[in-house]
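The block underneath contains the structure these notes are about, expressed in structure tokens.
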Amino acid sequence: MTDNTFLPGPRENTVKTANGDVLTVPAGWALLLPGDAALTRRVKAAGEHWIIQEKKGRKVFSRGVWAPADTIEQIRADLEAERSTEAYAKRKLASARRREKTQTEYVDEFFEAVVVFLDFHSDHAELAQQMARAITQHATPVGSGTVARTKRIPIEQRAEAAVIAWMRHQTTAYDSMPIPRVKGKRREVRRMLAQHSKGILSQYRRGEFISEDCPLQRALAEITTGEKTP
């Protein structure tokens, strides 16, 4: 936590430091809530401000930025003026088209990476395509927060992690499994289920005969019939 980053305070117009000290927001300041990234960036760049963040589990959520109210309103007015111009509208459209093109290319690239990781025998090639489509559809939407959206690891590793995660939720009882609230227990269960999933995948890679009772067969059949979404 930096010098100008705080936790939400226990009372209105207060914040809390990492040490637990409660500070009162300076007079004349206002809270700019999350939602407009451009406005937030400009307010932060304009001068003194307090960032409010809250950690829940492993994720950190923005709760807004405190800054002088006059500064926020002036920057907001300037932005509204910029956004009302034809030039801005054209840039916005061009940017949206670039993002759409980038997303389409990434979806195709990720799909191919999943197929390569699956590496099913030719006897199960159609199933591999079906499975890769289901995983890609689930994992690649912008803002989904899945491992497929991270750039910290190579796409090959993203594909593998996405396959294992999808199988954990679709072919095992993980979602309804009672797991003791003991440190490391959930990770242990995930490792166990991952080994089970890899065992199933190896059967398809070897081209073995697969019973219709196979959990992977059932999961894909349910998705195909619309009974279950990935």
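Chain labels follow the order of the structure tokens: the first chain is A, the next B, and so on; residue numbering restarts at 1 in every chain, and ligands are counted from 1 in their shown order.
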
Counting only C-alpha atoms, what is within 9 Å of A:Ala194, bar same-chain residues fewer than 2 positions away, as a CSV table (one decimal) with N, CA, C and O atoms, in the first residue's frame?
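Output saved as result_31.csv:
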```csv
chain,number,residue,atom,x,y,z
A,164,ILE,N,-7.7,-27.6,-17.9
A,164,ILE,CA,-7.8,-28.3,-16.7
A,164,ILE,C,-8.9,-27.6,-15.8
A,164,ILE,O,-9.7,-28.3,-15.1
A,165,ALA,N,-9.0,-26.3,-15.8
A,165,ALA,CA,-10.0,-25.6,-15.1
A,165,ALA,C,-11.4,-25.9,-15.6
A,165,ALA,O,-12.3,-26.1,-14.8
A,167,MET,N,-12.3,-28.6,-17.2
A,167,MET,CA,-12.7,-30.0,-16.8
A,167,MET,C,-13.0,-30.1,-15.3
A,167,MET,O,-13.8,-30.9,-14.9
A,168,ARG,N,-12.3,-29.3,-14.5
A,168,ARG,CA,-12.6,-29.4,-13.1
A,168,ARG,C,-14.0,-29.0,-12.8
A,168,ARG,O,-14.7,-29.7,-12.0
A,189,VAL,N,-6.9,-30.4,-3.4
A,189,VAL,CA,-8.0,-31.0,-4.1
A,189,VAL,C,-7.9,-30.7,-5.6
A,189,VAL,O,-8.2,-31.6,-6.4
A,190,ARG,N,-7.5,-29.5,-5.9
A,190,ARG,CA,-7.4,-29.1,-7.3
A,190,ARG,C,-6.3,-30.0,-8.0
A,190,ARG,O,-6.5,-30.4,-9.2
A,191,ARG,N,-5.2,-30.2,-7.3
A,191,ARG,CA,-4.1,-31.0,-7.9
A,191,ARG,C,-4.6,-32.4,-8.1
A,191,ARG,O,-4.3,-33.0,-9.2
A,192,MET,N,-5.4,-33.0,-7.2
A,192,MET,CA,-5.9,-34.3,-7.3
A,192,MET,C,-6.9,-34.4,-8.5
A,192,MET,O,-6.8,-35.3,-9.4
A,196,HIS,N,-6.7,-36.4,-12.3
A,196,HIS,CA,-7.8,-37.2,-12.8
A,196,HIS,C,-8.1,-36.8,-14.2
A,196,HIS,O,-8.3,-37.6,-15.1
A,197,SER,N,-8.2,-35.4,-14.4
A,197,SER,CA,-8.5,-34.9,-15.7
A,197,SER,C,-7.5,-35.3,-16.8
A,197,SER,O,-7.8,-35.6,-17.9
A,198,LYS,N,-6.2,-35.2,-16.4
A,198,LYS,CA,-5.1,-35.6,-17.3
A,198,LYS,C,-5.2,-37.0,-17.6
A,198,LYS,O,-4.8,-37.4,-18.8
A,199,GLY,N,-5.6,-37.9,-16.7
A,199,GLY,CA,-5.8,-39.3,-17.0
A,199,GLY,C,-6.9,-39.5,-18.1
A,199,GLY,O,-6.7,-40.3,-19.0
```

Contacts of stretch 9-22 of chain A at 12 Å or less, counting only C-alpha atoms, minus same-chain residues fewer than 3 places along, as a PDB file with N, CA and C atoms, in the first residue's frame?
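Output file out.pdb follows:
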```
ATOM      1  N   MET A   1       0.846  -1.189   0.000  1.00  0.00           N
ATOM      2  CA  MET A   1       0.000   0.000   0.000  1.00  0.00           C
ATOM      3  C   MET A   1       0.883   1.240   0.000  1.00  0.00           C
ATOM      4  N   THR A   2       0.679   2.147  -0.956  1.00  0.00           N
ATOM      5  CA  THR A   2       1.503   3.344  -1.075  1.00  0.00           C
ATOM      6  C   THR A   2       1.018   4.426  -0.114  1.00  0.00           C
ATOM      7  N   ASP A   3       1.752   5.551  -0.101  1.00  0.00           N
ATOM      8  CA  ASP A   3       1.424   6.630   0.831  1.00  0.00           C
ATOM      9  C   ASP A   3       0.053   7.238   0.575  1.00  0.00           C
ATOM     10  N   ASN A   4      -0.437   7.146  -0.668  1.00  0.00           N
ATOM     11  CA  ASN A   4      -1.744   7.741  -0.951  1.00  0.00           C
ATOM     12  C   ASN A   4      -2.795   6.682  -1.290  1.00  0.00           C
ATOM     13  N   THR A   5      -2.569   5.457  -0.836  1.00  0.00           N
ATOM     14  CA  THR A   5      -3.541   4.381  -1.036  1.00  0.00           C
ATOM     15  C   THR A   5      -4.065   3.929   0.319  1.00  0.00           C
ATOM     16  N   PHE A   6      -5.387   3.882   0.446  1.00  0.00           N
ATOM     17  CA  PHE A   6      -6.001   3.596   1.736  1.00  0.00           C
ATOM     18  C   PHE A   6      -7.120   2.564   1.595  1.00  0.00           C
ATOM     19  N   VAL A  25     -11.117  12.738   5.471  1.00  0.00           N
ATOM     20  CA  VAL A  25     -10.864  13.284   4.133  1.00  0.00           C
ATOM     21  C   VAL A  25     -10.795  14.813   4.221  1.00  0.00           C
ATOM     22  N   PRO A  26      -9.835  15.440   3.536  1.00  0.00           N
ATOM     23  CA  PRO A  26      -9.727  16.904   3.578  1.00  0.00           C
ATOM     24  C   PRO A  26     -11.017  17.593   3.147  1.00  0.00           C
ATOM     25  N   ALA A  27     -11.274  18.736   3.736  1.00  0.00           N
ATOM     26  CA  ALA A  27     -12.463  19.522   3.373  1.00  0.00           C
ATOM     27  C   ALA A  27     -12.403  19.918   1.907  1.00  0.00           C
ATOM     28  N   GLY A  28     -13.545  19.881   1.249  1.00  0.00           N
ATOM     29  CA  GLY A  28     -13.599  20.284  -0.159  1.00  0.00           C
ATOM     30  C   GLY A  28     -13.279  19.166  -1.128  1.00  0.00           C
ATOM     31  N   TRP A  29     -13.018  17.976  -0.605  1.00  0.00           N
ATOM     32  CA  TRP A  29     -12.733  16.831  -1.470  1.00  0.00           C
ATOM     33  C   TRP A  29     -14.008  16.049  -1.739  1.00  0.00           C
ATOM     34  N   ALA A  30     -14.023  15.306  -2.836  1.00  0.00           N
ATOM     35  CA  ALA A  30     -15.157  14.465  -3.204  1.00  0.00           C
ATOM     36  C   ALA A  30     -14.638  13.100  -3.639  1.00  0.00           C
ATOM     37  N   LEU A  31     -15.495  12.116  -3.541  1.00  0.00           N
ATOM     38  CA  LEU A  31     -15.116  10.757  -3.938  1.00  0.00           C
ATOM     39  C   LEU A  31     -15.537  10.504  -5.373  1.00  0.00           C
ATOM     40  N   TRP A  50      -6.305  10.633  -3.003  1.00  0.00           N
ATOM     41  CA  TRP A  50      -6.223   9.419  -2.184  1.00  0.00           C
ATOM     42  C   TRP A  50      -6.941   8.299  -2.928  1.00  0.00           C
ATOM     43  N   ILE A  51      -6.248   7.195  -3.110  1.00  0.00           N
ATOM     44  CA  ILE A  51      -6.827   6.031  -3.780  1.00  0.00           C
ATOM     45  C   ILE A  51      -7.416   5.099  -2.723  1.00  0.00           C
ATOM     46  N   ILE A  52      -8.627   4.645  -2.961  1.00  0.00           N
ATOM     47  CA  ILE A  52      -9.287   3.750  -2.008  1.00  0.00           C
ATOM     48  C   ILE A  52      -9.404   2.366  -2.632  1.00  0.00           C
ATOM     49  N   GLN A  53      -8.812   1.378  -1.973  1.00  0.00           N
ATOM     50  CA  GLN A  53      -8.856   0.004  -2.455  1.00  0.00           C
ATOM     51  C   GLN A  53      -9.256  -0.936  -1.312  1.00  0.00           C
ATOM     52  N   GLU A  54      -9.867  -2.045  -1.699  1.00  0.00           N
ATOM     53  CA  GLU A  54     -10.284  -3.039  -0.714  1.00  0.00           C
ATOM     54  C   GLU A  54      -9.962  -4.428  -1.249  1.00  0.00           C
ATOM     55  N   LYS A  55      -9.294  -5.233  -0.445  1.00  0.00           N
ATOM     56  CA  LYS A  55      -8.917  -6.579  -0.862  1.00  0.00           C
ATOM     57  C   LYS A  55      -9.933  -7.583  -0.352  1.00  0.00           C
ATOM     58  N   ARG A  63     -12.326   1.297  -4.879  1.00  0.00           N
ATOM     59  CA  ARG A  63     -13.527   1.893  -4.300  1.00  0.00           C
ATOM     60  C   ARG A  63     -13.611   3.378  -4.620  1.00  0.00           C
ATOM     61  N   GLY A  64     -12.715   3.824  -5.505  1.00  0.00           N
ATOM     62  CA  GLY A  64     -12.773   5.211  -5.951  1.00  0.00           C
ATOM     63  C   GLY A  64     -11.528   5.999  -5.591  1.00  0.00           C
ATOM     64  N   VAL A  65     -11.586   7.285  -5.899  1.00  0.00           N
ATOM     65  CA  VAL A  65     -10.469   8.192  -5.640  1.00  0.00           C
ATOM     66  C   VAL A  65     -11.008   9.469  -5.005  1.00  0.00           C
ATOM     67  N   TRP A  66     -10.447   9.812  -3.859  1.00  0.00           N
ATOM     68  CA  TRP A  66     -10.757  11.098  -3.245  1.00  0.00           C
ATOM     69  C   TRP A  66      -9.834  12.166  -3.826  1.00  0.00           C
ATOM     70  N   ALA A  67     -10.385  13.301  -4.180  1.00  0.00           N
ATOM     71  CA  ALA A  67      -9.596  14.408  -4.734  1.00  0.00           C
ATOM     72  C   ALA A  67     -10.406  15.688  -4.563  1.00  0.00           C
TER      73      ALA A  67
END
```

Practice task
Pick out the closest residue to A:Gly207 from this set: A:Leu93, A:Ala221, A:Leu7, A:Ala128. Count only C-alpha atoms.
Solution key: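 The shortest atom-to-atom distance to A:Gly207 comes from A:Ala128.
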
Practice task
Run DSSP on the backbone of this structure and report the residues of stretch 60-123 of chain A it assigns to strand (DSSP E or B), as a PyMOL selection string.
Solution key: chain A and resi 60-68

Wanna dump the stretch 87-124 of chain A-stretch 140-158 of chain A contacts at 9 Å for me, each residue with its shortest atom pair and the distance in Å to one decimal, counting only C-alpha atoms, ordered by chain and number, as a Markdown table?
```
| residue | atom | partner | partner_atom | distance |
| --- | --- | --- | --- | --- |
| A:Gln103 | CA | A:Val142 | CA | 7.9 |
| A:Tyr106 | CA | A:Thr140 | CA | 8.1 |
| A:Val107 | CA | A:Thr140 | CA | 6.3 |
| A:Glu109 | CA | A:Ile155 | CA | 8.6 |
| A:Phe110 | CA | A:Ile155 | CA | 7.0 |
| A:Ala113 | CA | A:Glu156 | CA | 6.0 |
| A:Val114 | CA | A:Glu156 | CA | 7.7 |
| A:Val116 | CA | A:Glu156 | CA | 8.5 |
| A:Phe117 | CA | A:Glu156 | CA | 7.3 |
```

Using N, CA and C atoms, can you write the selected residues to a file as a short mmCIF file (atom, residue, chain, number, x, y, z; two decimals), in the first residue's frame?
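The resulting file, again-v2.cif, is shown below:
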```cif
data_model
loop_
_atom_site.label_atom_id
_atom_site.label_comp_id
_atom_site.auth_asym_id
_atom_site.auth_seq_id
_atom_site.Cartn_x
_atom_site.Cartn_y
_atom_site.Cartn_z
N GLN A 103 -9.27 -8.96 -30.53
CA GLN A 103 -9.98 -10.01 -29.80
C GLN A 103 -10.26 -11.21 -30.69
N TYR A 106 -7.13 -13.13 -31.20
CA TYR A 106 -6.72 -13.86 -30.00
C TYR A 106 -7.60 -15.10 -29.78
N VAL A 107 -8.89 -14.97 -30.02
CA VAL A 107 -9.79 -16.12 -29.86
C VAL A 107 -9.36 -17.26 -30.78
N GLU A 109 -6.35 -17.72 -32.05
CA GLU A 109 -5.05 -18.21 -31.60
C GLU A 109 -5.20 -19.12 -30.37
N PHE A 110 -6.07 -18.71 -29.45
CA PHE A 110 -6.27 -19.50 -28.23
C PHE A 110 -6.92 -20.84 -28.56
N ALA A 113 -4.37 -23.14 -29.77
CA ALA A 113 -3.49 -23.57 -28.69
C ALA A 113 -4.16 -24.67 -27.85
N VAL A 114 -5.46 -24.56 -27.66
CA VAL A 114 -6.19 -25.60 -26.91
C VAL A 114 -6.19 -26.91 -27.69
N VAL A 116 -4.02 -27.92 -29.85
CA VAL A 116 -2.66 -28.47 -29.80
C VAL A 116 -2.41 -29.13 -28.45
N PHE A 117 -2.85 -28.49 -27.36
CA PHE A 117 -2.64 -29.09 -26.04
C PHE A 117 -3.42 -30.40 -25.90
#
```

Exercise for the section: Determine the nearest neighbour of A:Asp123 from the options A:Thr85, A:Tyr204, A:Gly35, A:Leu220, counting only C-alpha atoms. Expected result: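 Looking only at the distances to A:Asp123, the closest residue turns out to be A:Tyr204.
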